[in-house]
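Presented below is the structure to which this report refers.
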Amino acid sequence: MTTRRSFLATSAAAAVASAVRVHVPVANANPSTQPEAPDAGGFLRLRGWGVCVPSQEWAQHGAWVIDGVMAALQPARWHSWGIWPATDIDGRVPGVFSDQYFNRDATRQYLIDHQTREWMLFNEPEVPGQAGMTPELAVDVTLEFIDLARSTGTEWQWMAPSVTLDTEHNGLEWLTEYMLIMRRRKGIMRPGSWGVHPYNCGTVADLRQSMRQWRTWHEVWGSGAPTVITEVCAEGAGVAGQMLVMNECAAMLDLGEVAGVAWASAYLAAAGGVPWQHYPLCVLDTETQTVTPTDLGRRWKELQNGME
């Protein structure tokens with residue numbers, strides 16, 4: 001996850017009772033291992049069953065991290081909230097984390113080299129320590145990105161800033177102000193999709209309440225663009241709670257309530273040596289340079305396989 005916990009990941013998952021391994025019917029969901037059908041123009045967007053890949057350990061330890069994670073999970077869609085570290089692995093949805101990490105030259109070149117992508121703009125801009133941007137600054141940088149992308153003559157789309165659906169940081173208030181400023185300047189600017197982070201959701205009931213609040217907001221401001229959960233886990237919960245929330249996310253995807261889900265996170269990271277309380281899909285062994293799925297990772301794969 002790339003939230004206010006500053007890219008931290010969780011401790012390794014403990015064993016889980018088989019009672020929580022409830023099959024979620026996902027036969028009608030868009031297969032995570034195939035492009036969504038149909039997507040006119042062949043755009044790569046964060047659709048289906050995906051994953052977030054923290055960049056810190058990967059950058060520190062080398063390519064074996066991303067190679068091992070991709071071999072273990074094989075997601076059709078994944079993101080690392082940027083275009084760095086560099087990799088040619090398929091399925092990456094690029095992003096601009098914040099104004100501070102907006103490398104214009106690198107972004108322009110990536111647009112040219114990787115056409116027909118949807119770009120994720122800004123990670124939790126309402127949260128200090130994450131993108132940490134005012135709505136007005138975020139509009140400034142959004143329009144700058146759009147102008148930059150247009151100047152390349154390539155095909156692209158943009159995802160609106162991903163905000164948290166919690167009361168601590170008032171992400172929906174931030175996003176409302178962002179839209180008001182955008183409309184005053186440009187009229188109705190419809191993004192390719194909306195990104196949300198339903199955190200503070202240690203239970204399925206909490207998750208459902210967050211998503212109800214989001215749907216209310218979306219009815220007013222959404223302009224019909226689909227919703228993608230760009231980061232999610234059961235904050236503060238144990239493995240059993242994580243699995244229940246994961247099952248619920250798969251059900252929302254199956255029902256078409258969301259267009260995509262990216263679980264946070266692919267593996268345990270310890271940025272700054274501070275452990276993250278959420279549970280990863282894999283654990284890394286830096287001595288042997290191996291990647292091993294956790295119980296939660298195996299459940300993620302079971303759900304993925306059910307979508308094929």
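FYI, nothing fancy with the structure tokens labels: chains A, B, ... in order, residues from 1 per chain, ligands from 1 as they appear.
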Report task. Just list the residues in region 115-269 of chain A DSSP gives strand (DSSP E or B) on the backbone, as number ranges by chain. Result -> A: 117-121, 123, 156-164, 193-197, 227-232, 260-263, 267
Sorted by chain and rising residue number, list the residues of region 212-245 of chain A at most 12 Å from region 114-135 of chain A (counting only C-alpha atoms), each with its closest atom pair and distance in Å to one decimal, as JSON lines.
{"residue": "A:Val228", "atom": "CA", "partner": "A:Met120", "partner_atom": "CA", "distance": 10.6}
{"residue": "A:Ile229", "atom": "CA", "partner": "A:Met120", "partner_atom": "CA", "distance": 11.7}
{"residue": "A:Thr230", "atom": "CA", "partner": "A:Met120", "partner_atom": "CA", "distance": 9.0}
{"residue": "A:Glu231", "atom": "CA", "partner": "A:Asn123", "partner_atom": "CA", "distance": 9.7}
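Take the candidates A:Trp156, A:Phe97, A:Trp78, A:Trp64 and check each one against Gly260 (chain A) using only C-alpha atoms; the shortest distance goes to A:Trp78.
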Query raised in the report: What is the CA of Tyr267 (chain A) to CA of Gln60 (chain A) distance in Å?
Result: 13.9 Å
Query - Straight-line distance linking CA of Trp194 (chain A) with CA of Leu175 (chain A), stated in Å to one decimal - result: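 Going from CA of Trp194 (chain A) over to CA of Leu175 (chain A), I get 10.4 Å.
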DSSP-assigned helix (DSSP H, G or I) members of region 126-293 of chain A, reported as a short mmCIF file (atom, residue, chain, number, x, y, z; two decimals) with N, CA, C and O atoms, in the first residue's frame:
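Heads up, here's the output in result33.cif:
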data_model
loop_
_atom_site.label_atom_id
_atom_site.label_comp_id
_atom_site.auth_asym_id
_atom_site.auth_seq_id
_atom_site.Cartn_x
_atom_site.Cartn_y
_atom_site.Cartn_z
N PRO A 135 -6.36 20.61 -3.39
CA PRO A 135 -7.15 20.39 -4.60
C PRO A 135 -6.73 21.30 -5.75
O PRO A 135 -6.69 20.85 -6.91
N GLU A 136 -6.41 22.54 -5.46
CA GLU A 136 -6.02 23.46 -6.53
C GLU A 136 -4.70 23.05 -7.18
O GLU A 136 -4.57 23.07 -8.40
N LEU A 137 -3.73 22.65 -6.36
CA LEU A 137 -2.47 22.18 -6.93
C LEU A 137 -2.70 20.91 -7.75
O LEU A 137 -2.11 20.75 -8.83
N ALA A 138 -3.56 20.02 -7.26
CA ALA A 138 -3.83 18.79 -8.00
C ALA A 138 -4.48 19.08 -9.35
O ALA A 138 -4.17 18.41 -10.35
N VAL A 139 -5.36 20.07 -9.40
CA VAL A 139 -5.94 20.46 -10.69
C VAL A 139 -4.85 21.02 -11.61
O VAL A 139 -4.78 20.68 -12.80
N ASP A 140 -3.98 21.85 -11.05
CA ASP A 140 -2.87 22.40 -11.84
C ASP A 140 -2.06 21.28 -12.50
O ASP A 140 -1.77 21.32 -13.70
N VAL A 141 -1.69 20.27 -11.69
CA VAL A 141 -0.82 19.21 -12.20
C VAL A 141 -1.59 18.27 -13.11
O VAL A 141 -1.04 17.75 -14.09
N THR A 142 -2.87 18.05 -12.84
CA THR A 142 -3.70 17.25 -13.75
C THR A 142 -3.72 17.87 -15.15
O THR A 142 -3.50 17.18 -16.16
N LEU A 143 -3.97 19.17 -15.20
CA LEU A 143 -4.03 19.84 -16.49
C LEU A 143 -2.67 19.89 -17.16
O LEU A 143 -2.57 19.81 -18.39
N GLU A 144 -1.61 20.00 -16.34
CA GLU A 144 -0.26 19.95 -16.92
C GLU A 144 0.01 18.58 -17.51
O GLU A 144 0.59 18.46 -18.60
N PHE A 145 -0.41 17.52 -16.80
CA PHE A 145 -0.22 16.17 -17.35
C PHE A 145 -0.99 16.01 -18.66
O PHE A 145 -0.47 15.46 -19.64
N ILE A 146 -2.23 16.48 -18.69
CA ILE A 146 -3.04 16.36 -19.90
C ILE A 146 -2.38 17.09 -21.06
O ILE A 146 -2.29 16.56 -22.18
N ASP A 147 -1.88 18.28 -20.82
CA ASP A 147 -1.19 19.03 -21.88
C ASP A 147 0.07 18.29 -22.34
O ASP A 147 0.36 18.22 -23.55
N LEU A 148 0.83 17.75 -21.39
CA LEU A 148 2.02 17.00 -21.72
C LEU A 148 1.68 15.78 -22.55
O LEU A 148 2.31 15.49 -23.58
N ALA A 149 0.64 15.05 -22.13
CA ALA A 149 0.25 13.84 -22.86
C ALA A 149 -0.22 14.18 -24.27
O ALA A 149 0.14 13.49 -25.24
N ARG A 150 -0.99 15.25 -24.39
CA ARG A 150 -1.45 15.66 -25.73
C ARG A 150 -0.29 16.01 -26.63
O ARG A 150 -0.31 15.74 -27.84
N SER A 151 0.75 16.60 -26.08
CA SER A 151 1.89 17.04 -26.89
C SER A 151 2.65 15.87 -27.50
O SER A 151 3.39 16.05 -28.47
N THR A 152 2.49 14.67 -26.95
CA THR A 152 3.20 13.50 -27.49
C THR A 152 2.52 12.92 -28.72
O THR A 152 3.13 12.14 -29.45
N GLY A 171 -11.38 12.39 2.39
CA GLY A 171 -11.03 12.30 0.98
C GLY A 171 -12.12 12.76 0.04
O GLY A 171 -11.85 13.38 -0.99
N LEU A 172 -13.39 12.50 0.38
CA LEU A 172 -14.48 12.91 -0.50
C LEU A 172 -14.66 14.42 -0.49
O LEU A 172 -15.01 15.01 -1.52
N GLU A 173 -14.41 15.06 0.64
CA GLU A 173 -14.45 16.53 0.67
C GLU A 173 -13.35 17.10 -0.22
O GLU A 173 -13.57 18.07 -0.96
N TRP A 174 -12.17 16.50 -0.14
CA TRP A 174 -11.06 16.94 -0.99
C TRP A 174 -11.42 16.77 -2.46
O TRP A 174 -11.21 17.68 -3.27
N LEU A 175 -11.99 15.62 -2.81
CA LEU A 175 -12.30 15.33 -4.21
C LEU A 175 -13.42 16.24 -4.72
O LEU A 175 -13.40 16.64 -5.90
N THR A 176 -14.37 16.58 -3.87
CA THR A 176 -15.42 17.51 -4.27
C THR A 176 -14.83 18.87 -4.62
O THR A 176 -15.18 19.48 -5.64
N GLU A 177 -13.91 19.36 -3.79
CA GLU A 177 -13.27 20.64 -4.08
C GLU A 177 -12.45 20.57 -5.37
O GLU A 177 -12.45 21.52 -6.17
N TYR A 178 -11.77 19.46 -5.56
CA TYR A 178 -11.00 19.24 -6.80
C TYR A 178 -11.92 19.35 -8.02
O TYR A 178 -11.59 20.03 -9.00
N MET A 179 -13.10 18.72 -7.94
CA MET A 179 -14.02 18.76 -9.07
C MET A 179 -14.61 20.15 -9.28
O MET A 179 -14.81 20.59 -10.41
N LEU A 180 -14.89 20.86 -8.19
CA LEU A 180 -15.41 22.22 -8.32
C LEU A 180 -14.41 23.13 -9.03
O LEU A 180 -14.77 23.91 -9.91
N ILE A 181 -13.15 23.03 -8.63
CA ILE A 181 -12.11 23.84 -9.26
C ILE A 181 -11.95 23.45 -10.73
O ILE A 181 -11.85 24.31 -11.62
N MET A 182 -11.95 22.13 -11.00
CA MET A 182 -11.82 21.67 -12.37
C MET A 182 -12.96 22.18 -13.23
O MET A 182 -12.75 22.64 -14.38
N ARG A 183 -14.17 22.14 -12.71
CA ARG A 183 -15.32 22.59 -13.50
C ARG A 183 -15.30 24.09 -13.72
O ARG A 183 -15.72 24.57 -14.78
N ARG A 184 -14.84 24.84 -12.73
CA ARG A 184 -14.75 26.29 -12.92
C ARG A 184 -13.76 26.62 -14.03
O ARG A 184 -13.95 27.59 -14.78
N ARG A 185 -12.71 25.81 -14.14
CA ARG A 185 -11.68 26.10 -15.15
C ARG A 185 -11.99 25.51 -16.51
O ARG A 185 -11.74 26.14 -17.55
N LYS A 186 -12.51 24.26 -16.51
CA LYS A 186 -12.60 23.53 -17.77
C LYS A 186 -13.98 22.97 -18.08
O LYS A 186 -14.15 22.29 -19.09
N VAL A 204 -16.13 -6.51 6.79
CA VAL A 204 -16.93 -6.39 5.58
C VAL A 204 -17.96 -5.28 5.74
O VAL A 204 -18.23 -4.52 4.80
N ALA A 205 -18.55 -5.18 6.93
CA ALA A 205 -19.55 -4.12 7.16
C ALA A 205 -18.93 -2.74 6.97
O ALA A 205 -19.56 -1.85 6.38
N ASP A 206 -17.71 -2.55 7.46
CA ASP A 206 -17.03 -1.26 7.27
C ASP A 206 -16.79 -0.98 5.80
O ASP A 206 -16.97 0.15 5.32
N LEU A 207 -16.36 -2.00 5.08
CA LEU A 207 -16.10 -1.84 3.65
C LEU A 207 -17.37 -1.45 2.91
O LEU A 207 -17.37 -0.54 2.07
N ARG A 208 -18.46 -2.14 3.21
CA ARG A 208 -19.73 -1.83 2.54
C ARG A 208 -20.18 -0.41 2.83
O ARG A 208 -20.69 0.28 1.94
N GLN A 209 -20.00 0.04 4.08
CA GLN A 209 -20.39 1.40 4.42
C GLN A 209 -19.55 2.42 3.65
O GLN A 209 -20.08 3.42 3.14
N SER A 210 -18.25 2.19 3.54
CA SER A 210 -17.40 3.09 2.78
C SER A 210 -17.84 3.16 1.32
O SER A 210 -17.90 4.24 0.72
N MET A 211 -18.16 2.01 0.75
CA MET A 211 -18.53 1.99 -0.66
C MET A 211 -19.92 2.60 -0.87
O MET A 211 -20.18 3.18 -1.93
N ARG A 212 -20.81 2.49 0.12
CA ARG A 212 -22.09 3.19 0.01
C ARG A 212 -21.88 4.70 -0.03
O ARG A 212 -22.51 5.42 -0.82
N GLN A 213 -21.00 5.20 0.81
CA GLN A 213 -20.68 6.62 0.79
C GLN A 213 -20.11 7.03 -0.55
O GLN A 213 -20.42 8.10 -1.08
N TRP A 214 -19.26 6.17 -1.10
CA TRP A 214 -18.68 6.48 -2.41
C TRP A 214 -19.75 6.52 -3.49
O TRP A 214 -19.77 7.43 -4.33
N ARG A 215 -20.66 5.57 -3.49
CA ARG A 215 -21.70 5.55 -4.53
C ARG A 215 -22.58 6.79 -4.46
O ARG A 215 -23.01 7.31 -5.50
N THR A 216 -22.85 7.28 -3.25
CA THR A 216 -23.62 8.51 -3.11
C THR A 216 -22.88 9.68 -3.75
O THR A 216 -23.49 10.50 -4.47
N TRP A 217 -21.58 9.78 -3.49
CA TRP A 217 -20.77 10.83 -4.10
C TRP A 217 -20.74 10.67 -5.62
O TRP A 217 -20.90 11.64 -6.37
N HIS A 218 -20.57 9.46 -6.08
CA HIS A 218 -20.42 9.18 -7.51
C HIS A 218 -21.68 9.51 -8.29
O HIS A 218 -21.61 9.95 -9.46
N GLU A 219 -22.84 9.36 -7.68
CA GLU A 219 -24.08 9.70 -8.37
C GLU A 219 -24.12 11.18 -8.75
O GLU A 219 -24.71 11.56 -9.76
N VAL A 220 -23.51 12.02 -7.93
CA VAL A 220 -23.51 13.46 -8.18
C VAL A 220 -22.38 13.87 -9.11
O VAL A 220 -22.57 14.66 -10.04
N TRP A 221 -21.19 13.33 -8.88
CA TRP A 221 -19.98 13.83 -9.54
C TRP A 221 -19.36 12.87 -10.56
O TRP A 221 -18.47 13.27 -11.31
N VAL A 239 -5.58 -12.25 9.54
CA VAL A 239 -5.70 -12.92 8.24
C VAL A 239 -7.14 -13.29 7.93
O VAL A 239 -7.60 -13.15 6.80
N ALA A 240 -7.88 -13.76 8.94
CA ALA A 240 -9.27 -14.13 8.69
C ALA A 240 -10.07 -12.94 8.20
O ALA A 240 -10.85 -13.04 7.24
N GLY A 241 -9.88 -11.79 8.84
CA GLY A 241 -10.56 -10.57 8.40
C GLY A 241 -10.13 -10.14 7.02
O GLY A 241 -10.95 -9.67 6.22
N GLN A 242 -8.84 -10.29 6.72
CA GLN A 242 -8.34 -9.95 5.39
C GLN A 242 -9.04 -10.78 4.33
O GLN A 242 -9.44 -10.27 3.27
N MET A 243 -9.19 -12.07 4.59
CA MET A 243 -9.81 -12.95 3.59
C MET A 243 -11.27 -12.60 3.37
O MET A 243 -11.76 -12.63 2.23
N LEU A 244 -11.97 -12.26 4.44
CA LEU A 244 -13.38 -11.90 4.29
C LEU A 244 -13.52 -10.63 3.45
O LEU A 244 -14.41 -10.54 2.59
N VAL A 245 -12.68 -9.65 3.71
CA VAL A 245 -12.72 -8.41 2.93
C VAL A 245 -12.31 -8.69 1.48
O VAL A 245 -12.89 -8.14 0.53
N MET A 246 -11.31 -9.54 1.29
CA MET A 246 -10.89 -9.90 -0.06
C MET A 246 -12.04 -10.57 -0.81
O MET A 246 -12.30 -10.27 -1.99
N ASN A 247 -12.75 -11.49 -0.14
CA ASN A 247 -13.90 -12.14 -0.77
C ASN A 247 -14.95 -11.12 -1.18
O ASN A 247 -15.55 -11.22 -2.27
N GLU A 248 -15.20 -10.13 -0.32
CA GLU A 248 -16.19 -9.11 -0.62
C GLU A 248 -15.76 -8.27 -1.83
O GLU A 248 -16.59 -7.92 -2.67
N CYS A 249 -14.47 -7.97 -1.92
CA CYS A 249 -13.98 -7.22 -3.08
C CYS A 249 -14.19 -8.01 -4.37
O CYS A 249 -14.57 -7.45 -5.40
N ALA A 250 -13.93 -9.32 -4.31
CA ALA A 250 -14.16 -10.16 -5.48
C ALA A 250 -15.63 -10.18 -5.86
O ALA A 250 -15.98 -10.17 -7.06
N ALA A 251 -16.52 -10.19 -4.86
CA ALA A 251 -17.95 -10.18 -5.15
C ALA A 251 -18.37 -8.87 -5.79
O ALA A 251 -19.19 -8.85 -6.72
N MET A 252 -17.83 -7.75 -5.31
CA MET A 252 -18.14 -6.45 -5.91
C MET A 252 -17.68 -6.40 -7.36
O MET A 252 -18.37 -5.85 -8.23
N LEU A 253 -16.53 -6.99 -7.63
CA LEU A 253 -16.03 -7.05 -9.00
C LEU A 253 -16.95 -7.90 -9.86
O LEU A 253 -17.29 -7.54 -10.99
N ASP A 254 -17.39 -9.02 -9.31
CA ASP A 254 -18.27 -9.92 -10.04
C ASP A 254 -19.60 -9.26 -10.36
O ASP A 254 -20.15 -9.44 -11.46
N LEU A 255 -20.12 -8.47 -9.43
CA LEU A 255 -21.41 -7.81 -9.62
C LEU A 255 -21.31 -6.57 -10.49
O LEU A 255 -22.33 -5.96 -10.82
N ALA A 271 9.73 -0.17 4.82
CA ALA A 271 10.36 1.12 4.54
C ALA A 271 10.68 1.81 5.86
O ALA A 271 9.82 1.99 6.71
N GLY A 272 11.93 2.20 6.04
CA GLY A 272 12.32 2.87 7.27
C GLY A 272 12.33 1.96 8.47
O GLY A 272 12.47 2.42 9.61
N GLY A 273 12.18 0.66 8.25
CA GLY A 273 12.20 -0.29 9.35
C GLY A 273 10.93 -0.33 10.17
O GLY A 273 10.87 -0.95 11.23
#
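We find CA of Met159 (chain A) and CA of Val93 (chain A) to be spaced 10.5 Å apart.
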Query raised in the report: What lies within 7 Å of Ala225 (chain A) using only C-alpha atoms, ignoring chain neighbours under 5 positions off, as a PyMOL selection string?
Result: chain A and resi 191-194
List as a compact mmCIF listing (two decimals) with N, CA, C and O atoms, in the first residue's frame the protein and nucleic acid residues near Pro75 (chain A), meaning an atom at most 8 Å away when only C-alpha atoms are counted, but skip any in the same chain fewer than 2 places from it.
# COMPACT_ATOMS: atom_id res chain seq x y z
N SER A 32 -9.09 -11.98 -14.80
CA SER A 32 -7.96 -11.13 -14.47
C SER A 32 -6.76 -11.41 -15.36
O SER A 32 -5.87 -10.59 -15.49
N THR A 33 -6.74 -12.58 -15.98
CA THR A 33 -5.59 -12.93 -16.81
C THR A 33 -5.83 -12.61 -18.29
O THR A 33 -5.01 -12.96 -19.12
N TRP A 49 -8.74 -8.22 -11.55
CA TRP A 49 -8.17 -8.60 -10.26
C TRP A 49 -6.68 -8.31 -10.29
O TRP A 49 -5.90 -9.06 -10.87
N GLY A 50 -6.26 -7.23 -9.64
CA GLY A 50 -4.87 -6.79 -9.74
C GLY A 50 -4.20 -6.68 -8.38
O GLY A 50 -4.71 -7.14 -7.36
N VAL A 51 -3.04 -6.01 -8.38
CA VAL A 51 -2.24 -5.93 -7.16
C VAL A 51 -1.36 -4.68 -7.20
O VAL A 51 -0.98 -4.21 -8.28
N MET A 70 5.85 -11.58 -9.74
CA MET A 70 5.05 -11.79 -10.93
C MET A 70 4.91 -13.27 -11.28
O MET A 70 3.87 -13.72 -11.75
N LEU A 73 2.25 -14.56 -8.61
CA LEU A 73 0.88 -14.05 -8.68
C LEU A 73 0.32 -13.98 -10.10
O LEU A 73 -0.87 -14.16 -10.31
N ARG A 77 -3.03 -7.13 -14.29
CA ARG A 77 -2.91 -5.69 -14.06
C ARG A 77 -2.19 -5.47 -12.73
O ARG A 77 -2.48 -6.13 -11.73
N TRP A 78 -1.26 -4.53 -12.72
CA TRP A 78 -0.57 -4.19 -11.48
C TRP A 78 -0.05 -2.77 -11.58
O TRP A 78 0.06 -2.20 -12.66
N GLY A 91 1.47 -5.58 -18.17
CA GLY A 91 0.35 -5.33 -17.28
C GLY A 91 0.49 -4.15 -16.36
O GLY A 91 -0.42 -3.87 -15.58
